[in-house]
Amino acid sequence: MENYAIFTDSTGDLTPEQAEKHQITVLPMGFCVGERSYRHYPDEREMSMREFYALLRMGMPASTNAVSPALWEDAFDKALSAGQDVLAITFSSALSCTWANAESAARIVRERYPERRVEVIDSLCASMGQGMLCLMADSMRMRNVPLEDAVSQLNLNKLHVSHWFTVADLGHLRRGGRISRTTALVGTALGVKPMLHVDNEGRLVGVDKARGRRRAIAGLVERMAETIVDPEKQTAYITHADCQPDAEYLAELIRQRIPVQEVVIQYVGPIAGAHAGPSTLALFFIGKER
């Protein structure tokens with residue numbers, strides 16, 4: 001195995017088991033619910049995701065903050081002082097300053113360890129899109145792909161990581177400035193559920209609308225069928241904001257139509273969930289394009 005440590009932030013929604021199995025260090029992002037501050041770790045040690053979404057459903061406001069440069073620097077320093085190179089894969093720079101903070105820390109430690117390599121990749125992804133890039137990185141590390149080549153491959157592949165999702169409550173997108181107040185009010189009254197994705201610039205953009213939740217979920221499968229490549233070799237990831245039955249319904253639709261190798265269901269963490277809201281449902285896979 002190549003001798004580089006892989007780091008990411010907790011927006012990537014890796015489970016504790018995934019992080020441990022693939023030897024990926026996950027730095028906690030911060031979030032606030034009401035007036036209290038927390039950090040999100042994969043093991044949910046400060047607040048469980050079920051509790052988080054229960055509070056959001058009660059109307060509690062939530063916000064998030066990035067991993068600080070100091071936390072990145074400390075994590076990098078530990079790996080570098082142990083003789084390892086560093087590869088960090090961060091939340092999209094279009095949605096957070098986490099990448100900028102990691103790059104700032106990297107500039108400092110590069111001067112401290114001029115003999116070592118420190119690479120920071122702006123994933124232009126969120127949730128398990130970012131998590132998938134981390135898993136790809138470990139796969140290459142295990143196959144002894146040198147760090148320089150791994151970085152090149154990840155930068156090529158990241159624009160093929162497809163993110164498709166739908167939300168249940170338009171109010172969270174309105175509060176985050178993603179849609180207008182009028183659009184949210186009209187959409188809610190008509191039962192409209194938007195379909196969104198993360199574009200090539202790493203931004204959250206609306207793509208389509210569906211009348212009703214089931215049609216929106218079916219629309220995610222349609223998008224997947226149109227763009228997925230080599231499904232027999234792929235694991236599709238579904239993340240959900242505390243709506244397990246909807247996630248299982250989406251998984252069943254995929255299995256009926258698209259011959260993927262596996263479908264994995266897990267939670268959307270509080271970082272993405274704070275902005276998208278409870279009952280958000282997201283689908284991730286490798287496509288011809290995003």
# chains A, B, ... in the order shown; residues from 1 in each chain; ligands from 1
call {"tool": "residues_around", "arguments": {"residues": "A:Ser127", "least_positions_apart": "4", "cutoff": "10 Å", "atoms": "only C-alpha atoms", "output": "JSON list (two decimals) with C-alpha atoms, in the first residue's frame"}}
result
[["chain", "number", "residue", "atom", "x", "y", "z"],
["A", 10, "SER", "CA", -17.66, 14.94, 7.79],
["A", 11, "THR", "CA", -19.80, 16.41, 5.01],
["A", 12, "GLY", "CA", -18.77, 13.30, 3.06],
["A", 13, "ASP", "CA", -21.20, 11.23, 5.16],
["A", 14, "LEU", "CA", -18.94, 8.21, 5.53],
["A", 91, "PHE", "CA", -16.53, 19.52, 0.58],
["A", 92, "SER", "CA", -17.22, 21.60, -2.56],
["A", 131, "GLY", "CA", -17.55, 10.06, 0.20],
["A", 132, "MET", "CA", -17.31, 8.10, -3.05],
["A", 163, "HIS", "CA", -25.64, 13.72, -7.35],
["A", 238, "ILE", "CA", -28.60, 6.46, -1.35],
["A", 239, "THR", "CA", -28.51, 8.93, 1.53],
["A", 267, "TYR", "CA", -27.89, 8.86, 6.42],
["A", 268, "VAL", "CA", -27.39, 12.37, 5.13],
["A", 269, "GLY", "CA", -25.49, 14.01, 7.98],
["A", 271, "ILE", "CA", -24.04, 19.38, 7.45],
["A", 272, "ALA", "CA", -25.92, 18.84, 4.20],
["A", 273, "GLY", "CA", -29.13, 18.13, 6.09],
["A", 282, "ALA", "CA", -30.25, 11.66, -2.52],
["A", 283, "LEU", "CA", -28.77, 9.26, -5.06],
["A", 284, "PHE", "CA", -25.10, 8.96, -6.06]]
call {"tool": "residues_around", "arguments": {"residues": "A:Asn65", "least_positions_apart": "2", "cutoff": "10 Å", "atoms": "only C-alpha atoms", "output": "list in words"}}
result
Pro28, Met29, Gly30, Phe31, Cys32, Ser37, Arg39, Ser63, Val67, Ser68, Ser96, Cys97, Thr98 and Ile271 of chain A
call {"tool": "write_last_selection", "arguments": {"atoms": "N, CA and C atoms", "output": "tab-separated table (two decimals), in the first residue's frame"}}
result
chain	number	residue	atom	x	y	z
A	28	PRO	N	-14.27	16.66	11.92
A	28	PRO	CA	-15.66	17.06	12.16
A	28	PRO	C	-15.96	18.47	11.68
A	29	MET	N	-17.07	18.60	10.98
A	29	MET	CA	-17.63	19.92	10.66
A	29	MET	C	-18.47	20.36	11.85
A	30	GLY	N	-18.65	21.64	12.00
A	30	GLY	CA	-19.47	22.15	13.08
A	30	GLY	C	-20.88	22.46	12.62
A	31	PHE	N	-21.84	22.34	13.56
A	31	PHE	CA	-23.20	22.76	13.25
A	31	PHE	C	-23.85	23.29	14.52
A	32	CYS	N	-24.84	24.13	14.32
A	32	CYS	CA	-25.58	24.71	15.44
A	32	CYS	C	-27.05	24.36	15.28
A	37	SER	N	-23.99	24.63	19.95
A	37	SER	CA	-23.04	24.22	18.90
A	37	SER	C	-22.60	22.78	19.12
A	39	ARG	N	-20.26	19.33	17.00
A	39	ARG	CA	-19.41	18.87	15.90
A	39	ARG	C	-19.95	17.53	15.41
A	63	SER	N	-27.60	25.71	11.45
A	63	SER	CA	-26.58	26.30	10.58
A	63	SER	C	-25.31	25.46	10.70
A	67	VAL	N	-14.56	23.22	8.74
A	67	VAL	CA	-13.38	22.78	9.47
A	67	VAL	C	-12.35	23.91	9.43
A	68	SER	N	-11.81	24.27	10.56
A	68	SER	CA	-10.90	25.41	10.64
A	68	SER	C	-9.53	25.07	10.06
A	96	SER	N	-18.81	25.83	0.61
A	96	SER	CA	-18.18	25.95	1.93
A	96	SER	C	-16.77	26.49	1.76
A	97	CYS	N	-16.23	27.08	2.84
A	97	CYS	CA	-14.82	27.51	2.83
A	97	CYS	C	-13.89	26.41	3.34
A	98	THR	N	-14.40	25.20	3.50
A	98	THR	CA	-13.58	24.09	4.02
A	98	THR	C	-12.37	23.82	3.13
A	271	ILE	N	-24.63	18.26	8.20
A	271	ILE	CA	-24.04	19.38	7.45
A	271	ILE	C	-24.86	19.66	6.20
call {"tool": "closest_residue", "arguments": {"among": "A:Gln234, A:Gln153, A:Gln244, A:Ser81", "to": "A:Arg112", "atoms": "only C-alpha atoms"}}
result
A:Ser81
call {"tool": "select_by_dssp", "arguments": {"residues": "stretch 119-149 of chain A", "states": "alpha helix (DSSP H)", "output": "ChimeraX atom specification"}}
result
/A:127-142,147-149
call {"tool": "write_last_selection", "arguments": {"atoms": "N, CA and C atoms", "output": "CSV table (one decimal), in the first residue's frame"}}
result
chain,number,residue,atom,x,y,z
A,127,SER,N,-22.0,15.3,0.4
A,127,SER,CA,-22.5,14.0,0.9
A,127,SER,C,-21.8,12.8,0.4
A,128,MET,N,-22.4,11.8,-0.1
A,128,MET,CA,-21.7,10.6,-0.5
A,128,MET,C,-21.1,10.7,-1.9
A,129,GLY,N,-21.3,11.9,-2.6
A,129,GLY,CA,-20.5,12.1,-3.7
A,129,GLY,C,-19.1,12.3,-3.3
A,130,GLN,N,-18.9,13.2,-2.3
A,130,GLN,CA,-17.6,13.4,-1.7
A,130,GLN,C,-17.1,12.1,-1.1
A,131,GLY,N,-17.9,11.3,-0.4
A,131,GLY,CA,-17.6,10.1,0.2
A,131,GLY,C,-17.1,9.1,-0.8
A,132,MET,N,-17.7,9.0,-2.0
A,132,MET,CA,-17.3,8.1,-3.0
A,132,MET,C,-15.9,8.4,-3.5
A,133,LEU,N,-15.5,9.7,-3.6
A,133,LEU,CA,-14.2,10.0,-4.0
A,133,LEU,C,-13.2,9.5,-3.0
A,134,CYS,N,-13.5,9.6,-1.7
A,134,CYS,CA,-12.6,9.1,-0.7
A,134,CYS,C,-12.4,7.6,-0.8
A,135,LEU,N,-13.5,6.9,-1.1
A,135,LEU,CA,-13.4,5.4,-1.3
A,135,LEU,C,-12.6,5.1,-2.5
A,136,MET,N,-12.7,5.9,-3.6
A,136,MET,CA,-11.9,5.7,-4.8
A,136,MET,C,-10.4,5.9,-4.4
A,137,ALA,N,-10.1,6.9,-3.6
A,137,ALA,CA,-8.8,7.2,-3.2
A,137,ALA,C,-8.1,6.0,-2.5
A,138,ASP,N,-8.9,5.4,-1.5
A,138,ASP,CA,-8.4,4.3,-0.8
A,138,ASP,C,-8.1,3.1,-1.7
A,139,SER,N,-9.1,2.9,-2.7
A,139,SER,CA,-8.9,1.8,-3.6
A,139,SER,C,-7.6,2.0,-4.4
A,140,MET,N,-7.3,3.2,-4.8
A,140,MET,CA,-6.0,3.4,-5.5
A,140,MET,C,-4.8,3.2,-4.6
A,141,ARG,N,-4.9,3.7,-3.4
A,141,ARG,CA,-3.8,3.5,-2.4
A,141,ARG,C,-3.5,2.0,-2.2
A,142,MET,N,-4.6,1.2,-2.1
A,142,MET,CA,-4.4,-0.2,-1.9
A,142,MET,C,-3.8,-0.9,-3.1
A,147,LEU,N,0.7,8.8,-5.2
A,147,LEU,CA,-0.1,9.9,-4.9
A,147,LEU,C,-0.4,10.8,-6.0
A,148,GLU,N,0.6,11.1,-6.8
A,148,GLU,CA,0.5,12.1,-7.9
A,148,GLU,C,-0.5,11.5,-8.9
A,149,ASP,N,-0.4,10.2,-9.2
A,149,ASP,CA,-1.4,9.6,-10.2
A,149,ASP,C,-2.8,9.6,-9.6
call {"tool": "residues_around", "arguments": {"residues": "A:Asp230", "least_positions_apart": "2", "cutoff": "9 Å", "atoms": "only C-alpha atoms", "output": "list in words"}}
result
Ile228, Glu232, Lys233, Gln234, Val260, Ile286 and Gly287 of chain A
